[in-house]
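Source file: target_33.cif (mmCIF, C-alpha atoms)
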data_target
loop_
_atom_site.label_atom_id
_atom_site.label_comp_id
_atom_site.auth_asym_id
_atom_site.auth_seq_id
_atom_site.Cartn_x
_atom_site.Cartn_y
_atom_site.Cartn_z
CA MET K 42 55.97 25.24 -39.60
CA THR K 43 55.24 23.23 -42.68
CA VAL K 44 57.15 20.28 -44.11
CA ARG K 45 56.17 18.62 -47.38
CA VAL K 46 57.83 15.69 -49.15
CA GLN K 47 56.30 15.26 -52.58
CA LYS K 48 56.84 14.00 -56.11
CA ALA K 49 55.18 16.99 -57.77
CA ASP K 50 56.87 20.28 -58.65
CA PHE K 51 55.99 23.43 -56.71
CA ASP K 52 55.37 27.10 -57.52
CA ILE K 53 57.58 29.36 -55.40
CA GLY K 54 55.33 32.39 -55.87
CA VAL K 55 52.23 30.54 -54.75
CA GLU K 56 54.07 29.02 -51.77
CA LEU K 57 55.51 32.35 -50.58
CA ALA K 58 52.15 34.11 -50.91
CA ALA K 59 50.50 31.38 -48.81
CA LEU K 60 53.32 31.45 -46.26
CA THR K 61 52.95 35.15 -45.49
CA ALA K 62 49.22 35.62 -46.07
CA GLY K 63 47.52 37.52 -43.24
CA ASN K 64 50.61 37.87 -41.03
CA MET K 65 51.50 41.58 -40.79
CA ALA K 66 54.33 40.90 -38.31
CA ILE K 67 56.46 39.50 -41.13
CA GLY K 68 59.02 42.02 -42.37
CA GLY K 69 61.14 39.74 -44.53
CA VAL K 70 61.10 36.36 -46.21
CA CYS K 71 64.22 34.54 -47.32
CA CYS K 72 63.79 31.72 -49.83
CA PHE K 73 66.29 29.21 -51.18
CA THR K 74 65.53 26.91 -54.10
CA GLY K 75 67.75 24.02 -55.15
CA LEU K 76 67.79 22.97 -58.83
CA VAL K 77 69.07 19.89 -60.65
CA ARG K 78 72.26 20.84 -62.47
CA ASP K 79 73.65 18.98 -65.43
CA LEU K 80 76.99 18.16 -63.83
CA HIS K 81 77.99 16.78 -60.48
CA PRO K 82 81.65 17.75 -60.56
CA GLN K 83 83.95 14.81 -61.16
CA ASP K 84 87.31 14.75 -62.88
CA GLY K 85 87.36 14.97 -66.63
CA GLU K 86 83.66 15.55 -67.11
CA VAL K 87 81.95 18.30 -69.01
CA ALA K 88 78.62 20.09 -68.59
CA GLY K 89 75.73 18.01 -69.81
CA THR K 90 77.08 14.79 -68.25
CA VAL K 91 74.11 14.38 -65.92
CA ARG K 92 70.87 13.69 -67.78
CA ALA K 93 68.63 13.18 -64.75
CA LEU K 94 68.58 12.65 -61.00
CA THR K 95 66.40 10.22 -59.11
CA LEU K 96 65.87 11.15 -55.46
CA GLU K 97 65.20 8.21 -53.16
CA HIS K 98 64.11 8.82 -49.57
CA TYR K 99 63.01 7.06 -46.40
CA PRO K 100 59.27 7.75 -46.08
CA GLY K 101 58.36 8.57 -42.51
CA MET K 102 61.89 9.27 -41.32
CA THR K 103 62.29 12.03 -43.93
CA GLU K 104 59.27 13.95 -42.69
CA HIS K 105 60.28 13.33 -39.07
CA GLN K 106 63.85 14.58 -39.59
CA LEU K 107 62.67 17.66 -41.50
CA GLU K 108 60.29 18.48 -38.64
CA VAL K 109 63.15 18.13 -36.13
CA ILE K 110 65.35 20.43 -38.22
CA GLU K 111 62.58 22.99 -38.60
CA ALA K 112 61.85 22.94 -34.84
CA GLU K 113 65.57 23.56 -34.20
CA ALA K 114 65.49 26.62 -36.49
CA ARG K 115 62.42 27.96 -34.74
CA ALA K 116 64.10 27.51 -31.36
CA ARG K 117 67.12 29.53 -32.52
CA TRP K 118 65.48 32.39 -34.43
CA PRO K 119 62.27 34.42 -34.05
CA LEU K 120 60.46 33.06 -37.10
CA GLU K 121 56.86 33.93 -37.93
CA ALA K 122 56.60 31.22 -40.57
CA SER K 123 58.72 28.57 -42.26
CA LEU K 124 58.36 26.07 -45.07
CA ILE K 125 60.39 23.12 -46.35
CA ILE K 126 59.38 21.34 -49.56
CA HIS K 127 61.59 18.50 -50.82
CA ARG K 128 60.81 16.47 -53.92
CA TYR K 129 61.59 12.82 -54.64
CA GLY K 130 61.50 10.76 -57.83
CA ARG K 131 63.09 11.48 -61.21
CA MET K 132 64.03 15.04 -62.20
CA GLU K 133 65.88 16.51 -65.14
CA PRO K 134 68.41 19.38 -65.18
CA GLY K 135 66.75 22.71 -64.49
CA GLU K 136 63.97 21.22 -62.35
CA GLN K 137 63.40 22.35 -58.77
CA ILE K 138 64.36 19.81 -56.07
CA VAL K 139 64.00 21.66 -52.80
CA MET K 140 62.62 24.89 -51.38
CA VAL K 141 63.20 26.42 -47.96
CA ALA K 142 61.58 29.68 -46.86
CA CYS K 143 61.80 31.54 -43.55
CA ALA K 144 59.79 34.60 -42.58
CA SER K 145 60.65 36.89 -39.69
CA PRO K 146 60.06 40.47 -38.52
CA HIS K 147 63.67 41.27 -39.53
CA ARG K 148 65.86 40.09 -42.37
CA GLU K 149 68.82 38.78 -40.34
CA ALA K 150 66.84 35.94 -38.77
CA ALA K 151 65.22 35.08 -42.11
CA PHE K 152 68.60 34.89 -43.92
CA ASP K 153 70.36 32.95 -41.15
CA ALA K 154 67.54 30.47 -40.50
CA CYS K 155 67.18 29.75 -44.22
CA ARG K 156 70.87 28.95 -44.58
CA PHE K 157 70.83 26.89 -41.39
CA LEU K 158 67.88 24.82 -42.63
CA MET K 159 69.59 24.05 -45.95
CA ASP K 160 72.89 23.15 -44.30
CA TRP K 161 71.22 20.86 -41.77
CA LEU K 162 68.85 19.34 -44.27
CA LYS K 163 71.76 18.32 -46.49
CA SER K 164 73.41 16.40 -43.68
CA LYS K 165 70.33 15.01 -41.84
CA ALA K 166 67.39 14.43 -44.17
CA PRO K 167 67.46 10.86 -45.53
CA PHE K 168 67.56 11.48 -49.28
CA TRP K 169 69.93 9.91 -51.80
CA LYS K 170 70.66 11.03 -55.35
CA LEU K 171 71.11 8.62 -58.24
CA GLU K 172 72.58 10.30 -61.32
CA GLU K 173 71.91 9.16 -64.87
CA THR K 174 74.83 9.88 -67.17
CA GLY K 175 75.78 8.83 -70.69
CA ASN K 176 77.78 6.01 -69.09
CA GLY K 177 75.04 4.63 -66.85
CA SER K 178 73.83 5.45 -63.35
CA ARG K 179 75.78 6.17 -60.18
CA TRP K 180 74.98 7.12 -56.61
CA VAL K 181 76.18 10.56 -55.61
CA GLY K 182 78.67 10.48 -52.73
CA SER K 183 78.28 12.77 -49.72
CA ARG K 184 80.47 15.86 -49.64
CA THR K 185 82.74 16.67 -46.72
CA SER K 186 82.00 20.36 -47.31
CA ASP K 187 78.28 19.75 -46.67
CA GLU K 188 78.99 17.98 -43.38
CA GLU K 189 81.33 20.77 -42.30
CA ALA K 190 78.70 23.38 -43.15
CA ALA K 191 76.23 21.64 -40.84
CA ARG K 192 78.81 21.19 -38.08
CA ARG K 193 79.65 24.89 -38.00
CA TRP K 194 76.07 25.65 -36.89
CA LYS K 195 76.23 23.25 -33.97
CA HIS K 196 76.70 25.79 -31.22
CA SER K 197 76.05 29.00 -33.06
CA SER K 198 73.23 31.15 -34.36
CA SER K 199 75.60 33.13 -36.57
CA PRO K 200 76.31 32.20 -40.15
CA PRO K 201 79.35 29.95 -40.63
CA MET S 155 61.19 -10.04 -35.11
CA ILE S 156 62.64 -6.80 -36.46
CA THR S 157 62.12 -4.98 -39.75
CA LEU S 158 65.25 -4.19 -41.75
CA LEU S 159 65.26 -1.46 -44.40
CA TYR S 160 68.02 -0.76 -46.93
CA PHE S 161 68.39 2.36 -49.05
CA ALA S 162 70.37 3.64 -52.05
CA TRP S 163 73.46 1.56 -52.91
CA LEU S 164 73.04 -0.65 -49.83
CA ARG S 165 69.67 -1.67 -51.26
CA SER S 166 71.17 -2.36 -54.73
CA LYS S 167 74.08 -4.36 -53.33
CA ILE S 168 71.97 -6.41 -50.91
CA GLY S 169 69.25 -6.83 -53.53
CA LEU S 170 66.41 -6.12 -51.11
CA ALA S 171 64.62 -3.00 -49.88
CA GLU S 172 63.10 -4.61 -46.81
CA GLU S 173 63.13 -7.86 -44.85
CA ARG S 174 61.95 -9.28 -41.53
CA LEU S 175 64.37 -11.00 -39.22
CA ASP S 176 63.98 -13.07 -36.08
CA LEU S 177 66.60 -11.49 -33.90
CA PRO S 178 69.31 -14.06 -33.09
CA ALA S 179 69.83 -14.39 -29.33
CA ALA S 180 73.47 -13.28 -29.64
CA VAL S 181 72.50 -9.98 -31.30
CA THR S 182 71.86 -7.20 -28.80
CA ASP S 183 72.97 -4.04 -30.57
CA VAL S 184 73.45 -2.47 -34.00
CA ALA S 185 77.09 -3.56 -34.22
CA GLY S 186 76.08 -7.17 -33.53
CA LEU S 187 73.28 -7.00 -36.09
CA VAL S 188 75.60 -5.59 -38.77
CA ALA S 189 78.18 -8.33 -38.03
CA PHE S 190 75.44 -10.97 -38.29
CA LEU S 191 74.28 -9.62 -41.67
CA LYS S 192 77.83 -9.29 -42.96
CA ALA S 193 78.46 -12.96 -42.13
CA ARG S 194 75.73 -13.92 -44.60
CA GLY S 195 78.29 -13.06 -47.30
CA GLY S 196 77.46 -12.13 -50.91
CA GLY S 197 75.73 -8.77 -51.32
CA TYR S 198 75.58 -8.27 -47.55
CA ALA S 199 79.33 -8.60 -47.15
CA ASP S 200 79.87 -6.29 -50.12
CA ALA S 201 77.42 -3.63 -48.87
CA LEU S 202 78.80 -3.73 -45.31
CA SER S 203 82.51 -3.97 -46.16
CA ASP S 204 83.22 -0.33 -45.20
CA LEU S 205 81.18 0.71 -42.17
CA SER S 206 82.52 4.26 -42.28
CA VAL S 207 79.99 4.88 -45.09
CA VAL S 208 77.06 3.11 -43.42
CA LYS S 209 74.57 5.12 -41.35
CA VAL S 210 72.01 3.54 -39.07
CA ALA S 211 68.57 4.60 -37.89
CA VAL S 212 66.52 2.71 -35.32
CA ASN S 213 62.84 3.63 -35.32
CA GLN S 214 63.65 6.55 -37.64
CA GLU S 215 66.25 8.19 -35.35
CA TYR S 216 69.97 8.29 -36.13
CA VAL S 217 71.86 6.04 -33.71
CA PRO S 218 75.44 4.91 -33.10
CA PHE S 219 76.54 1.28 -33.60
CA THR S 220 76.33 0.81 -29.83
CA GLN S 221 72.54 1.32 -29.87
CA PRO S 222 70.58 -1.67 -28.46
CA VAL S 223 68.25 -3.50 -30.87
CA ARG S 224 65.04 -5.10 -29.60
CA ALA S 225 62.20 -7.12 -31.08
CA GLY S 226 59.76 -4.83 -32.87
CA ASP S 227 62.40 -2.29 -33.92
CA GLU S 228 62.64 -0.84 -37.41
CA VAL S 229 66.32 -0.76 -38.32
CA ALA S 230 67.46 1.08 -41.45
CA LEU S 231 70.93 0.92 -43.02
CA PHE S 232 71.90 3.52 -45.60
CA PRO S 233 74.79 5.57 -47.02
CA PRO S 234 75.52 9.16 -45.93
CA VAL S 235 72.64 11.31 -47.15
CA THR S 236 72.86 13.46 -50.31
CA GLY S 237 69.62 15.44 -50.46
CA GLY S 238 69.06 19.15 -50.94
#
Let me see the file written as structure tokens.
Amino acid sequence: MTVRVQKADFDIGVELAALTAGNMAIGGVCCFTGLVRDLHPQDGEVAGTVRALTLEHYPGMTEHQLEVIEAEARARWPLEASLIIHRYGRMEPGEQIVMVACASPHREAAFDACRFLMDWLKSKAPFWKLEETGNGSRWVGSRTSDEEAARRWKHSSSPP
Amino acid sequence: MITLLYFAWLRSKIGLAEERLDLPAAVTDVAGLVAFLKARGGGYADALSDLSVVKVAVNQEYVPFTQPVRAGDEVALFPPVTGG
């Protein structure tokens, strides 16, 4: 039920504690965290190619789209609580970019909703990654596999 | 008057993040707007040369190229998203 778009890093432990505090109906929490890796796979490149990522976004539309995605998850699964945090700005390899957490009485809904939120977020939330490499900067292209992952959820509440 | 927003490599190619435009009478939808911008040439023509990699939002909702555009709208053009 919470969406945050922020420049600052976040503490997963603190966020999960706050998400579940006082709600004894929650039987399971599933959490996904995305990190900056040092290589966006392209031909002939080796680990360490990517020195940093800068995440650009569309203020206003980003929050709106994340709220739409979260409402869709809550309509499909019995969630007691949910949280999406997405960072923007410049980040170096190893830093946290995104966090999604879903809490439910049972684990199945928590697992499935968490995966759904990440798949949909990757194809709907207006963020763009600019990579810094030893040879300059480049915009990351979208991946067909990410779009397919989102499409598979279109009419289903089961994992793809 | 509409507000136009450009993001990621569309912004770099066009050289602007935002501009205001008096909607030409002939422009009624997104497709017409994109054709109008493309005809300006230069960075616009370059950024809009392959529309299969251009996404559009009107008033912060994803829309198809057939979507009507009216005075007061906020129209954003951007590449496929790569967050997460």
Rank nothing, just name the residue among K:Thr74, K:Thr43, K:Asn64, K:Thr90 nearest to K:Gly177, using all atoms listed in the file. K:Thr90
With a cut-off of 9 Å and counting only C-alpha atoms, select all residues of chain S in contact with chain K and give the selection as JSON, numbers by chain. {"S": [161, 162, 163, 211, 213, 214, 215, 216, 230, 232, 233, 234, 235, 236, 237, 238]}
So that I can see what lies close to S:Tyr198, please list as a list in words the residues with an atom at most 7 Å from it, counting only C-alpha atoms and leaving out residues fewer than 5 positions away in the same chain. Ile168, Leu191 and Lys192 of chain S
Starting from the PyMOL selection byres ((chain S and resi 224) around 10), expand the selection into actual residues of this file and give them as JSON, numbers by chain. {"S": [155, 156, 177, 181, 182, 183, 184, 212, 221, 222, 223, 225, 226, 227, 228, 229]}
Counting all atoms listed in the file, the residue of K:Thr174, K:Thr61, K:Thr185, K:Ser197 that sits nearest K:Leu80: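 Of K:Thr174, K:Thr61, K:Thr185, K:Ser197, the one nearest K:Leu80 is K:Thr174, counting all atoms listed in the file.
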One decimal, Å: what's the distance from atom CA of K:Val44 over to atom CA of K:Glu111, could you say?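 Pair atom CA of K:Val44 / atom CA of K:Glu111 returns 8.2 Å.
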Per-axis box centre and lengths in Å around stretch 199-203 of chain S, 3 Å margin per side, axis-aligned, as JSON:
{"center_x": 80.0, "center_y": -6.1, "center_z": -47.7, "size_x": 11.1, "size_y": 11.0, "size_z": 10.8}
Which residue gives the smallest distance to S:Pro218 among S:Leu205, S:Glu173, S:Leu164, S:Leu158, with all atoms listed in the file counted?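 Between S:Leu205, S:Glu173, S:Leu164, S:Leu158, the residue approaching S:Pro218 most closely is S:Leu205.
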Can you work out the spacing between atom CA of K:Glu149 and atom CA of K:Ala62 in Å, to one decimal?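 So the two atoms, atom CA of K:Glu149 and atom CA of K:Ala62, lie 20.7 Å apart.
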Can you measure atom CA of K:Arg78 to atom CA of K:Pro134 for me? One decimal in Å is fine. 4.9 Å
